[in-house]
$ cat final07.cif   # mmCIF, N, CA and C atoms
data_model
loop_
_atom_site.label_atom_id
_atom_site.label_comp_id
_atom_site.auth_asym_id
_atom_site.auth_seq_id
_atom_site.Cartn_x
_atom_site.Cartn_y
_atom_site.Cartn_z
N MET A 1 -4.64 -13.27 -13.69
CA MET A 1 -4.74 -12.74 -12.34
C MET A 1 -3.43 -12.98 -11.63
N ARG A 2 -3.09 -12.03 -10.81
CA ARG A 2 -1.89 -12.16 -9.99
C ARG A 2 -2.29 -12.00 -8.54
N VAL A 3 -1.66 -12.80 -7.70
CA VAL A 3 -1.88 -12.66 -6.26
C VAL A 3 -0.54 -12.63 -5.54
N LEU A 4 -0.52 -11.89 -4.48
CA LEU A 4 0.60 -11.90 -3.54
C LEU A 4 0.00 -12.38 -2.22
N ILE A 5 0.45 -13.54 -1.78
CA ILE A 5 -0.11 -14.19 -0.60
C ILE A 5 0.88 -14.02 0.55
N GLN A 6 0.38 -13.57 1.68
CA GLN A 6 1.23 -13.43 2.85
C GLN A 6 0.60 -14.19 4.02
N ARG A 7 1.38 -15.07 4.61
CA ARG A 7 0.93 -15.77 5.81
C ARG A 7 1.03 -14.78 6.96
N VAL A 8 -0.07 -14.58 7.66
CA VAL A 8 -0.10 -13.54 8.69
C VAL A 8 -0.59 -14.07 10.03
N LYS A 9 -0.16 -13.40 11.08
CA LYS A 9 -0.73 -13.63 12.41
C LYS A 9 -1.97 -12.76 12.59
N GLN A 10 -1.99 -11.62 11.88
CA GLN A 10 -3.16 -10.74 11.87
C GLN A 10 -3.02 -9.77 10.71
N ALA A 11 -4.17 -9.27 10.24
CA ALA A 11 -4.19 -8.27 9.17
C ALA A 11 -5.49 -7.49 9.27
N THR A 12 -5.41 -6.20 8.91
CA THR A 12 -6.59 -5.35 8.93
C THR A 12 -6.61 -4.45 7.70
N VAL A 13 -7.80 -4.02 7.33
CA VAL A 13 -7.99 -3.02 6.30
C VAL A 13 -8.78 -1.88 6.94
N THR A 14 -8.23 -0.67 6.85
CA THR A 14 -8.88 0.52 7.38
C THR A 14 -9.19 1.47 6.24
N ILE A 15 -10.41 2.01 6.24
CA ILE A 15 -10.84 2.98 5.23
C ILE A 15 -11.43 4.18 5.96
N ASP A 16 -10.90 5.37 5.67
CA ASP A 16 -11.37 6.60 6.32
C ASP A 16 -11.36 6.49 7.84
N GLY A 17 -10.33 5.84 8.37
CA GLY A 17 -10.16 5.74 9.81
C GLY A 17 -10.98 4.65 10.49
N ALA A 18 -11.80 3.94 9.73
CA ALA A 18 -12.64 2.88 10.31
C ALA A 18 -12.16 1.52 9.82
N CYS A 19 -12.15 0.56 10.71
CA CYS A 19 -11.74 -0.80 10.36
C CYS A 19 -12.83 -1.43 9.49
N LYS A 20 -12.47 -1.80 8.27
CA LYS A 20 -13.40 -2.45 7.33
C LYS A 20 -13.37 -3.96 7.49
N ALA A 21 -12.16 -4.51 7.73
CA ALA A 21 -12.01 -5.96 7.84
C ALA A 21 -10.80 -6.27 8.70
N ALA A 22 -10.87 -7.40 9.40
CA ALA A 22 -9.75 -7.83 10.23
C ALA A 22 -9.77 -9.35 10.33
N ILE A 23 -8.57 -9.93 10.31
CA ILE A 23 -8.44 -11.37 10.51
C ILE A 23 -7.33 -11.64 11.51
N GLY A 24 -7.37 -12.83 12.08
CA GLY A 24 -6.27 -13.33 12.90
C GLY A 24 -5.37 -14.19 12.03
N ASN A 25 -4.97 -15.34 12.55
CA ASN A 25 -4.08 -16.25 11.83
C ASN A 25 -4.68 -16.64 10.49
N GLY A 26 -3.90 -16.48 9.42
CA GLY A 26 -4.41 -16.86 8.11
C GLY A 26 -3.60 -16.27 6.98
N LEU A 27 -4.32 -15.86 5.92
CA LEU A 27 -3.68 -15.36 4.71
C LEU A 27 -4.22 -13.99 4.33
N LEU A 28 -3.31 -13.08 4.02
CA LEU A 28 -3.66 -11.83 3.37
C LEU A 28 -3.34 -12.03 1.90
N VAL A 29 -4.35 -11.84 1.04
CA VAL A 29 -4.18 -12.06 -0.38
C VAL A 29 -4.44 -10.74 -1.11
N LEU A 30 -3.39 -10.21 -1.74
CA LEU A 30 -3.53 -9.05 -2.61
C LEU A 30 -3.76 -9.58 -4.00
N VAL A 31 -4.80 -9.10 -4.70
CA VAL A 31 -5.15 -9.64 -6.01
C VAL A 31 -5.23 -8.55 -7.06
N GLY A 32 -4.56 -8.79 -8.18
CA GLY A 32 -4.62 -7.90 -9.33
C GLY A 32 -5.28 -8.62 -10.50
N ILE A 33 -6.09 -7.88 -11.25
CA ILE A 33 -6.85 -8.47 -12.36
C ILE A 33 -6.52 -7.70 -13.64
N GLU A 34 -6.30 -8.44 -14.73
CA GLU A 34 -6.08 -7.82 -16.04
C GLU A 34 -7.23 -8.18 -16.97
N ASP A 35 -7.34 -7.46 -18.08
CA ASP A 35 -8.46 -7.66 -19.00
C ASP A 35 -8.56 -9.09 -19.52
N ALA A 36 -7.46 -9.78 -19.68
CA ALA A 36 -7.46 -11.13 -20.24
C ALA A 36 -7.92 -12.19 -19.24
N ASP A 37 -8.12 -11.83 -17.98
CA ASP A 37 -8.49 -12.80 -16.95
C ASP A 37 -9.95 -13.23 -17.08
N THR A 38 -10.19 -14.49 -16.68
CA THR A 38 -11.52 -15.08 -16.74
C THR A 38 -11.82 -15.81 -15.44
N GLU A 39 -13.02 -16.38 -15.35
CA GLU A 39 -13.37 -17.18 -14.18
C GLU A 39 -12.45 -18.39 -14.03
N THR A 40 -11.90 -18.88 -15.13
CA THR A 40 -10.97 -20.01 -15.08
C THR A 40 -9.73 -19.62 -14.26
N ASP A 41 -9.24 -18.40 -14.47
CA ASP A 41 -8.09 -17.91 -13.69
C ASP A 41 -8.47 -17.83 -12.21
N ALA A 42 -9.64 -17.29 -11.93
CA ALA A 42 -10.10 -17.14 -10.55
C ALA A 42 -10.25 -18.50 -9.87
N LEU A 43 -10.80 -19.47 -10.58
CA LEU A 43 -11.00 -20.80 -10.02
C LEU A 43 -9.67 -21.48 -9.72
N TRP A 44 -8.72 -21.37 -10.64
CA TRP A 44 -7.41 -21.98 -10.41
C TRP A 44 -6.72 -21.37 -9.19
N LEU A 45 -6.71 -20.04 -9.11
CA LEU A 45 -6.06 -19.39 -7.98
C LEU A 45 -6.77 -19.69 -6.66
N ALA A 46 -8.09 -19.72 -6.66
CA ALA A 46 -8.84 -20.03 -5.44
C ALA A 46 -8.47 -21.41 -4.91
N GLY A 47 -8.36 -22.37 -5.82
CA GLY A 47 -7.96 -23.71 -5.42
C GLY A 47 -6.55 -23.77 -4.87
N LYS A 48 -5.64 -23.05 -5.51
CA LYS A 48 -4.26 -23.02 -5.05
C LYS A 48 -4.15 -22.37 -3.66
N ILE A 49 -4.87 -21.28 -3.47
CA ILE A 49 -4.82 -20.57 -2.18
C ILE A 49 -5.36 -21.46 -1.06
N ALA A 50 -6.49 -22.11 -1.30
CA ALA A 50 -7.09 -22.96 -0.27
C ALA A 50 -6.20 -24.16 0.07
N GLY A 51 -5.50 -24.69 -0.92
CA GLY A 51 -4.70 -25.88 -0.71
C GLY A 51 -3.24 -25.64 -0.40
N LEU A 52 -2.79 -24.40 -0.47
CA LEU A 52 -1.37 -24.07 -0.28
C LEU A 52 -0.91 -24.46 1.12
N ARG A 53 0.03 -25.38 1.20
CA ARG A 53 0.49 -25.89 2.50
C ARG A 53 1.68 -25.06 2.99
N ILE A 54 1.36 -23.96 3.67
CA ILE A 54 2.40 -23.05 4.16
C ILE A 54 2.28 -22.78 5.65
N PHE A 55 1.48 -23.59 6.34
CA PHE A 55 1.36 -23.48 7.80
C PHE A 55 2.02 -24.69 8.44
N ASP A 56 2.64 -24.46 9.58
CA ASP A 56 3.41 -25.50 10.25
C ASP A 56 2.52 -26.60 10.83
N ASP A 57 3.04 -27.84 10.72
CA ASP A 57 2.41 -28.97 11.40
C ASP A 57 3.05 -29.10 12.78
N ALA A 58 2.76 -30.17 13.48
CA ALA A 58 3.28 -30.38 14.84
C ALA A 58 4.80 -30.49 14.89
N HIS A 59 5.43 -30.76 13.74
CA HIS A 59 6.88 -30.90 13.67
C HIS A 59 7.57 -29.65 13.14
N GLY A 60 6.82 -28.57 12.97
CA GLY A 60 7.40 -27.32 12.48
C GLY A 60 7.65 -27.32 10.99
N VAL A 61 7.02 -28.23 10.26
CA VAL A 61 7.18 -28.32 8.81
C VAL A 61 5.95 -27.68 8.16
N MET A 62 6.18 -26.84 7.14
CA MET A 62 5.05 -26.24 6.44
C MET A 62 4.33 -27.33 5.66
N ASN A 63 3.27 -27.85 6.27
CA ASN A 63 2.58 -29.01 5.73
C ASN A 63 1.06 -28.89 5.82
N LYS A 64 0.57 -27.75 6.32
CA LYS A 64 -0.87 -27.57 6.48
C LYS A 64 -1.35 -26.35 5.69
N SER A 65 -2.59 -26.43 5.24
CA SER A 65 -3.20 -25.33 4.50
C SER A 65 -4.00 -24.45 5.45
N VAL A 66 -4.50 -23.34 4.94
CA VAL A 66 -5.35 -22.45 5.72
C VAL A 66 -6.62 -23.19 6.16
N VAL A 67 -7.07 -24.14 5.35
CA VAL A 67 -8.24 -24.95 5.71
C VAL A 67 -7.93 -25.82 6.92
N HIS A 68 -6.78 -26.50 6.90
CA HIS A 68 -6.41 -27.42 7.98
C HIS A 68 -6.12 -26.72 9.29
N THR A 69 -5.79 -25.43 9.24
CA THR A 69 -5.49 -24.68 10.47
C THR A 69 -6.67 -23.83 10.91
N ASP A 70 -7.81 -23.95 10.21
CA ASP A 70 -8.99 -23.13 10.47
C ASP A 70 -8.64 -21.64 10.43
N GLY A 71 -7.74 -21.30 9.52
CA GLY A 71 -7.31 -19.91 9.38
C GLY A 71 -8.33 -19.07 8.63
N GLU A 72 -8.07 -17.78 8.62
CA GLU A 72 -8.93 -16.82 7.95
C GLU A 72 -8.23 -16.27 6.71
N VAL A 73 -9.02 -15.66 5.82
CA VAL A 73 -8.47 -15.08 4.61
C VAL A 73 -9.02 -13.67 4.44
N LEU A 74 -8.12 -12.74 4.15
CA LEU A 74 -8.47 -11.35 3.83
C LEU A 74 -7.99 -11.09 2.41
N ILE A 75 -8.92 -10.69 1.53
CA ILE A 75 -8.59 -10.44 0.13
C ILE A 75 -8.74 -8.95 -0.16
N VAL A 76 -7.69 -8.37 -0.75
CA VAL A 76 -7.65 -6.93 -1.04
C VAL A 76 -7.30 -6.74 -2.51
N SER A 77 -8.10 -5.96 -3.22
CA SER A 77 -7.81 -5.66 -4.62
C SER A 77 -6.55 -4.79 -4.70
N GLN A 78 -5.72 -5.07 -5.72
CA GLN A 78 -4.42 -4.40 -5.81
C GLN A 78 -4.01 -4.28 -7.27
N PHE A 79 -4.53 -3.27 -7.97
CA PHE A 79 -4.25 -3.12 -9.40
C PHE A 79 -2.78 -2.92 -9.69
N THR A 80 -2.01 -2.44 -8.71
CA THR A 80 -0.59 -2.17 -8.95
C THR A 80 0.23 -3.44 -9.15
N LEU A 81 -0.36 -4.61 -8.91
CA LEU A 81 0.35 -5.86 -9.20
C LEU A 81 0.62 -6.02 -10.70
N PHE A 82 -0.08 -5.24 -11.52
CA PHE A 82 0.15 -5.27 -12.97
C PHE A 82 0.92 -4.04 -13.45
N ALA A 83 1.69 -3.44 -12.59
CA ALA A 83 2.51 -2.29 -12.97
C ALA A 83 3.54 -2.69 -14.02
N LEU A 84 3.67 -1.85 -15.03
CA LEU A 84 4.73 -2.01 -16.03
C LEU A 84 5.81 -1.00 -15.69
N THR A 85 7.04 -1.48 -15.53
CA THR A 85 8.12 -0.62 -15.05
C THR A 85 9.32 -0.58 -15.98
N ALA A 86 9.21 -1.11 -17.18
CA ALA A 86 10.36 -1.20 -18.09
C ALA A 86 10.84 0.16 -18.56
N LYS A 87 9.94 1.10 -18.78
CA LYS A 87 10.32 2.41 -19.32
C LYS A 87 10.16 3.47 -18.24
N GLY A 88 11.19 4.24 -18.03
CA GLY A 88 11.13 5.36 -17.10
C GLY A 88 10.96 4.92 -15.66
N ASN A 89 10.56 5.87 -14.84
CA ASN A 89 10.43 5.62 -13.40
C ASN A 89 9.00 5.70 -12.90
N ARG A 90 8.08 6.04 -13.78
CA ARG A 90 6.67 6.10 -13.38
C ARG A 90 5.96 4.86 -13.93
N PRO A 91 5.48 3.98 -13.04
CA PRO A 91 4.83 2.76 -13.51
C PRO A 91 3.57 3.07 -14.33
N SER A 92 3.33 2.20 -15.30
CA SER A 92 2.11 2.25 -16.08
C SER A 92 1.21 1.12 -15.61
N TYR A 93 -0.08 1.39 -15.56
CA TYR A 93 -1.04 0.38 -15.11
C TYR A 93 -1.99 0.00 -16.23
N MET A 94 -1.53 0.10 -17.47
CA MET A 94 -2.36 -0.18 -18.63
C MET A 94 -2.88 -1.62 -18.67
N ARG A 95 -2.15 -2.56 -18.07
CA ARG A 95 -2.58 -3.97 -18.10
C ARG A 95 -3.66 -4.26 -17.08
N ALA A 96 -3.82 -3.42 -16.09
CA ALA A 96 -4.85 -3.66 -15.07
C ALA A 96 -6.23 -3.49 -15.70
N ALA A 97 -7.13 -4.38 -15.33
CA ALA A 97 -8.49 -4.35 -15.88
C ALA A 97 -9.25 -3.13 -15.40
N LYS A 98 -10.12 -2.63 -16.25
CA LYS A 98 -11.02 -1.53 -15.88
C LYS A 98 -12.08 -2.06 -14.91
N HIS A 99 -12.73 -1.16 -14.21
CA HIS A 99 -13.71 -1.54 -13.18
C HIS A 99 -14.79 -2.49 -13.69
N GLU A 100 -15.30 -2.24 -14.89
CA GLU A 100 -16.41 -3.06 -15.39
C GLU A 100 -16.01 -4.52 -15.60
N THR A 101 -14.74 -4.78 -15.80
CA THR A 101 -14.23 -6.14 -15.91
C THR A 101 -13.75 -6.65 -14.56
N ALA A 102 -13.03 -5.82 -13.84
CA ALA A 102 -12.37 -6.26 -12.61
C ALA A 102 -13.33 -6.52 -11.45
N ILE A 103 -14.32 -5.67 -11.26
CA ILE A 103 -15.20 -5.82 -10.09
C ILE A 103 -15.95 -7.16 -10.09
N PRO A 104 -16.62 -7.53 -11.18
CA PRO A 104 -17.30 -8.83 -11.15
C PRO A 104 -16.35 -10.01 -10.94
N LEU A 105 -15.16 -9.95 -11.54
CA LEU A 105 -14.21 -11.04 -11.38
C LEU A 105 -13.63 -11.06 -9.97
N TYR A 106 -13.38 -9.92 -9.39
CA TYR A 106 -12.94 -9.82 -8.00
C TYR A 106 -13.98 -10.44 -7.07
N GLU A 107 -15.23 -10.08 -7.26
CA GLU A 107 -16.31 -10.62 -6.42
C GLU A 107 -16.44 -12.13 -6.60
N LYS A 108 -16.31 -12.61 -7.83
CA LYS A 108 -16.36 -14.06 -8.10
C LYS A 108 -15.19 -14.76 -7.43
N PHE A 109 -14.00 -14.17 -7.52
CA PHE A 109 -12.82 -14.74 -6.89
C PHE A 109 -13.01 -14.86 -5.38
N CYS A 110 -13.52 -13.80 -4.74
CA CYS A 110 -13.77 -13.84 -3.30
C CYS A 110 -14.76 -14.95 -2.95
N ALA A 111 -15.81 -15.09 -3.74
CA ALA A 111 -16.81 -16.14 -3.50
C ALA A 111 -16.20 -17.52 -3.67
N LEU A 112 -15.34 -17.70 -4.67
CA LEU A 112 -14.69 -18.99 -4.89
C LEU A 112 -13.76 -19.35 -3.75
N VAL A 113 -12.98 -18.39 -3.26
CA VAL A 113 -12.10 -18.67 -2.13
C VAL A 113 -12.93 -19.04 -0.90
N SER A 114 -14.02 -18.30 -0.65
CA SER A 114 -14.91 -18.63 0.47
C SER A 114 -15.42 -20.06 0.36
N GLU A 115 -15.83 -20.42 -0.83
CA GLU A 115 -16.34 -21.78 -1.06
C GLU A 115 -15.26 -22.83 -0.79
N LYS A 116 -14.05 -22.56 -1.28
CA LYS A 116 -12.95 -23.53 -1.14
C LYS A 116 -12.49 -23.69 0.31
N ILE A 117 -12.52 -22.60 1.09
CA ILE A 117 -12.04 -22.71 2.48
C ILE A 117 -13.18 -23.04 3.45
N GLY A 118 -14.41 -22.96 2.98
CA GLY A 118 -15.54 -23.32 3.82
C GLY A 118 -15.95 -22.27 4.83
N LYS A 119 -15.56 -21.03 4.58
CA LYS A 119 -15.97 -19.92 5.44
C LYS A 119 -15.87 -18.62 4.68
N GLN A 120 -16.55 -17.61 5.16
CA GLN A 120 -16.55 -16.30 4.51
C GLN A 120 -15.17 -15.66 4.59
N VAL A 121 -14.71 -15.11 3.47
CA VAL A 121 -13.47 -14.34 3.49
C VAL A 121 -13.81 -12.90 3.85
N GLN A 122 -12.83 -12.20 4.39
CA GLN A 122 -12.95 -10.77 4.64
C GLN A 122 -12.38 -10.06 3.41
N THR A 123 -12.85 -8.85 3.15
CA THR A 123 -12.38 -8.12 1.98
C THR A 123 -12.17 -6.65 2.29
N GLY A 124 -11.38 -6.03 1.44
CA GLY A 124 -11.30 -4.59 1.42
C GLY A 124 -12.47 -4.08 0.58
N THR A 125 -12.39 -2.82 0.16
CA THR A 125 -13.40 -2.24 -0.72
C THR A 125 -12.73 -1.91 -2.04
N PHE A 126 -13.25 -2.45 -3.11
CA PHE A 126 -12.64 -2.28 -4.42
C PHE A 126 -12.48 -0.80 -4.74
N ALA A 127 -11.29 -0.39 -5.15
CA ALA A 127 -10.93 0.96 -5.59
C ALA A 127 -10.92 2.00 -4.48
N ALA A 128 -11.05 1.58 -3.23
CA ALA A 128 -11.01 2.54 -2.12
C ALA A 128 -9.55 2.83 -1.75
N ASP A 129 -9.34 3.94 -1.06
CA ASP A 129 -8.04 4.27 -0.50
C ASP A 129 -7.95 3.52 0.83
N MET A 130 -7.24 2.41 0.82
CA MET A 130 -7.19 1.51 1.97
C MET A 130 -5.83 1.55 2.63
N GLN A 131 -5.83 1.42 3.95
CA GLN A 131 -4.61 1.22 4.70
C GLN A 131 -4.63 -0.23 5.16
N VAL A 132 -3.63 -0.99 4.73
CA VAL A 132 -3.56 -2.40 5.06
C VAL A 132 -2.44 -2.60 6.06
N SER A 133 -2.77 -3.22 7.17
CA SER A 133 -1.79 -3.49 8.21
C SER A 133 -1.70 -4.99 8.39
N LEU A 134 -0.47 -5.49 8.57
CA LEU A 134 -0.32 -6.93 8.75
C LEU A 134 0.88 -7.25 9.62
N LEU A 135 0.80 -8.40 10.23
CA LEU A 135 1.94 -8.97 10.94
C LEU A 135 2.27 -10.25 10.19
N ASN A 136 3.28 -10.17 9.30
CA ASN A 136 3.66 -11.30 8.46
C ASN A 136 4.25 -12.38 9.35
N ASN A 137 3.81 -13.60 9.16
CA ASN A 137 4.24 -14.73 9.98
C ASN A 137 5.29 -15.52 9.23
N GLY A 138 6.53 -15.40 9.63
CA GLY A 138 7.61 -16.16 9.02
C GLY A 138 8.86 -15.32 8.78
N PRO A 139 8.87 -14.43 7.84
CA PRO A 139 7.81 -14.10 6.88
C PRO A 139 7.67 -15.16 5.80
N VAL A 140 6.43 -15.34 5.39
CA VAL A 140 6.12 -16.20 4.25
C VAL A 140 5.31 -15.35 3.28
N THR A 141 5.86 -15.13 2.10
CA THR A 141 5.21 -14.34 1.05
C THR A 141 5.39 -15.07 -0.26
N ILE A 142 4.27 -15.33 -0.96
CA ILE A 142 4.30 -16.10 -2.19
C ILE A 142 3.54 -15.35 -3.28
N TRP A 143 4.13 -15.30 -4.47
CA TRP A 143 3.54 -14.63 -5.62
C TRP A 143 3.08 -15.70 -6.60
N MET A 144 1.87 -15.54 -7.14
CA MET A 144 1.36 -16.47 -8.16
C MET A 144 0.69 -15.68 -9.27
N ASP A 145 0.80 -16.20 -10.48
CA ASP A 145 0.18 -15.61 -11.65
C ASP A 145 -0.57 -16.73 -12.37
N SER A 146 -1.86 -16.54 -12.61
CA SER A 146 -2.66 -17.59 -13.22
C SER A 146 -2.27 -17.88 -14.67
N LYS A 147 -1.58 -16.95 -15.30
CA LYS A 147 -1.14 -17.19 -16.69
C LYS A 147 0.14 -18.03 -16.73
N ASN A 148 1.02 -17.87 -15.74
CA ASN A 148 2.26 -18.63 -15.70
C ASN A 148 2.10 -19.98 -15.02
N ARG A 149 1.26 -20.03 -14.02
CA ARG A 149 1.00 -21.26 -13.24
C ARG A 149 2.28 -21.95 -12.80
N GLU A 150 3.20 -21.16 -12.27
CA GLU A 150 4.47 -21.71 -11.78
C GLU A 150 4.35 -22.09 -10.32
#
$ encode --input "final07.cif" --output "structure tokens"
Amino acid sequence: MRVLIQRVKQATVTIDGACKAAIGNGLLVLVGIEDADTETDALWLAGKIAGLRIFDDAHGVMNKSVVHTDGEVLIVSQFTLFALTAKGNRPSYMRAAKHETAIPLYEKFCALVSEKIGKQVQTGTFAADMQVSLLNNGPVTIWMDSKNRE
């Protein structure tokens, strides 16, 4: 699994002109799933996201997590995180998991993040044409891959 985490002041997901989800201060998490991913990948990433200390403390040092700041989390499925771009100019998405694999793991991942942060996460709609709007705070943007664990 791959995630792109953005610390935000606000973020929204709009589908067909209607707001599906919105958060204030917190994290926007774009998540991509490949066929080789398992619940172990989801559990590791959920723990990292909940504990990631990228919010400022009283001294302006990034020392607090989304849990410590009572922040919110918005999770959006993003199969393009597994784009292969080595050949030509048109990305291939062959590594992205098919719906029958990705949807249950996406739902499990959302549930795990909710459990870890102690509140319900907001989500987009899997495979929908979504417009995502955000106000990146910092900017702070972090990429993680459960296979590399860097």
$ closest_residue --input "final07.cif" --among "A:Lys98, A:Lys116, A:Arg53, A:His59" --to "A:Asp37" --atoms "only C-alpha atoms"
A:Lys98
$ resolve_selection --input "final07.cif" --expression "the PyMOL selection byres ((chain A and resi 97) around 7)" --output "PyMOL selection string"
chain A and resi 32-36+79+93-96+98-102
$ resolve_selection --input "final07.cif" --expression "the PyMOL selection byres (((chain A and resi 134-146 and name CA) around 6) and name CA)" --output "tab-separated table (two decimals) with N, CA and C atoms, keeping the file's coordinate frame"
chain	number	residue	atom	x	y	z
A	1	MET	N	-4.64	-13.27	-13.69
A	1	MET	CA	-4.74	-12.74	-12.34
A	1	MET	C	-3.43	-12.98	-11.63
A	2	ARG	N	-3.09	-12.03	-10.81
A	2	ARG	CA	-1.89	-12.16	-9.99
A	2	ARG	C	-2.29	-12.00	-8.54
A	3	VAL	N	-1.66	-12.80	-7.70
A	3	VAL	CA	-1.88	-12.66	-6.26
A	3	VAL	C	-0.54	-12.63	-5.54
A	4	LEU	N	-0.52	-11.89	-4.48
A	4	LEU	CA	0.60	-11.90	-3.54
A	4	LEU	C	0.00	-12.38	-2.22
A	5	ILE	N	0.45	-13.54	-1.78
A	5	ILE	CA	-0.11	-14.19	-0.60
A	5	ILE	C	0.88	-14.02	0.55
A	6	GLN	N	0.38	-13.57	1.68
A	6	GLN	CA	1.23	-13.43	2.85
A	6	GLN	C	0.60	-14.19	4.02
A	7	ARG	N	1.38	-15.07	4.61
A	7	ARG	CA	0.93	-15.77	5.81
A	7	ARG	C	1.03	-14.78	6.96
A	8	VAL	N	-0.07	-14.58	7.66
A	8	VAL	CA	-0.10	-13.54	8.69
A	8	VAL	C	-0.59	-14.07	10.03
A	9	LYS	N	-0.16	-13.40	11.08
A	9	LYS	CA	-0.73	-13.63	12.41
A	9	LYS	C	-1.97	-12.76	12.59
A	10	GLN	N	-1.99	-11.62	11.88
A	10	GLN	CA	-3.16	-10.74	11.87
A	10	GLN	C	-3.02	-9.77	10.71
A	11	ALA	N	-4.17	-9.27	10.24
A	11	ALA	CA	-4.19	-8.27	9.17
A	11	ALA	C	-5.49	-7.49	9.27
A	41	ASP	N	-9.24	-18.40	-14.47
A	41	ASP	CA	-8.09	-17.91	-13.69
A	41	ASP	C	-8.47	-17.83	-12.21
A	133	SER	N	-2.77	-3.22	7.17
A	133	SER	CA	-1.79	-3.49	8.21
A	133	SER	C	-1.70	-4.99	8.39
A	147	LYS	N	-1.58	-16.95	-15.30
A	147	LYS	CA	-1.14	-17.19	-16.69
A	147	LYS	C	0.14	-18.03	-16.73
A	148	ASN	N	1.02	-17.87	-15.74
A	148	ASN	CA	2.26	-18.63	-15.70
A	148	ASN	C	2.10	-19.98	-15.02
A	149	ARG	N	1.26	-20.03	-14.02
A	149	ARG	CA	1.00	-21.26	-13.24
A	149	ARG	C	2.28	-21.95	-12.80
$ closest_residue --input "final07.cif" --among "A:Ala46, A:Cys110, A:Gly71, A:Val66" --to "A:Gly24" --atoms "all atoms listed in the file"
A:Gly71
$ atom_distance --input "final07.cif" --atom1 "atom N of A:Asp16" --atom2 "atom CA of A:Ile103"
19.8 Å
$ select_by_dssp --input "final07.cif" --residues "chain A" --states "helix (DSSP H, G or I)" --output "ChimeraX atom specification"
/A:39-51,79-82,99-117
$ closest_residue --input "final07.cif" --among "A:Ala111, A:Ser77, A:Ile117, A:Ala83" --to "A:Leu30" --atoms "only N, CA and C atoms"
A:Ser77
$ atom_distance --input "final07.cif" --atom1 "atom CA of A:Val13" --atom2 "atom C of A:Gly124"
7.3 Å
$ atom_distance --input "final07.cif" --atom1 "atom CA of A:Val121" --atom2 "atom CA of A:Ala22"
10.1 Å
$ closest_residue --input "final07.cif" --among "A:Leu74, A:Phe55, A:Gln120, A:Asp129" --to "A:Ala21" --atoms "only N, CA and C atoms"
A:Leu74
$ resolve_selection --input "final07.cif" --expression "the PyMOL selection byres ((chain A and resi 109) around 8)" --output "list in words"
Glu39, Asp41, Ala42, Leu43, Leu45, Ala46, Ile103, Pro104, Leu105, Tyr106, Glu107, Lys108, Cys110, Ala111, Leu112, Val113, Ser114 and Glu115 of chain A
$ select_by_dssp --input "final07.cif" --residues "stretch 8-129 of chain A" --states "strand (DSSP E or B)" --output "MDAnalysis selection string"
chainID A and resid 8:15 18:23 26:32 34 55:56 62:64 72:77 84 92 96 122:123
$ closest_residue --input "final07.cif" --among "A:Glu150, A:Lys64, A:Gln78, A:Ile49" --to "A:Ala127" --atoms "only N, CA and C atoms"
A:Gln78
$ axis_aligned_box --input "final07.cif" --around "stretch 96-112 of chain A" --padding-each-side "5 Å" --output "lines of an AutoDock Vina configuration file"
center_x = -10.6
center_y = -10.3
center_z = -9.6
size_x = 23.5
size_y = 28.2
size_z = 23.3
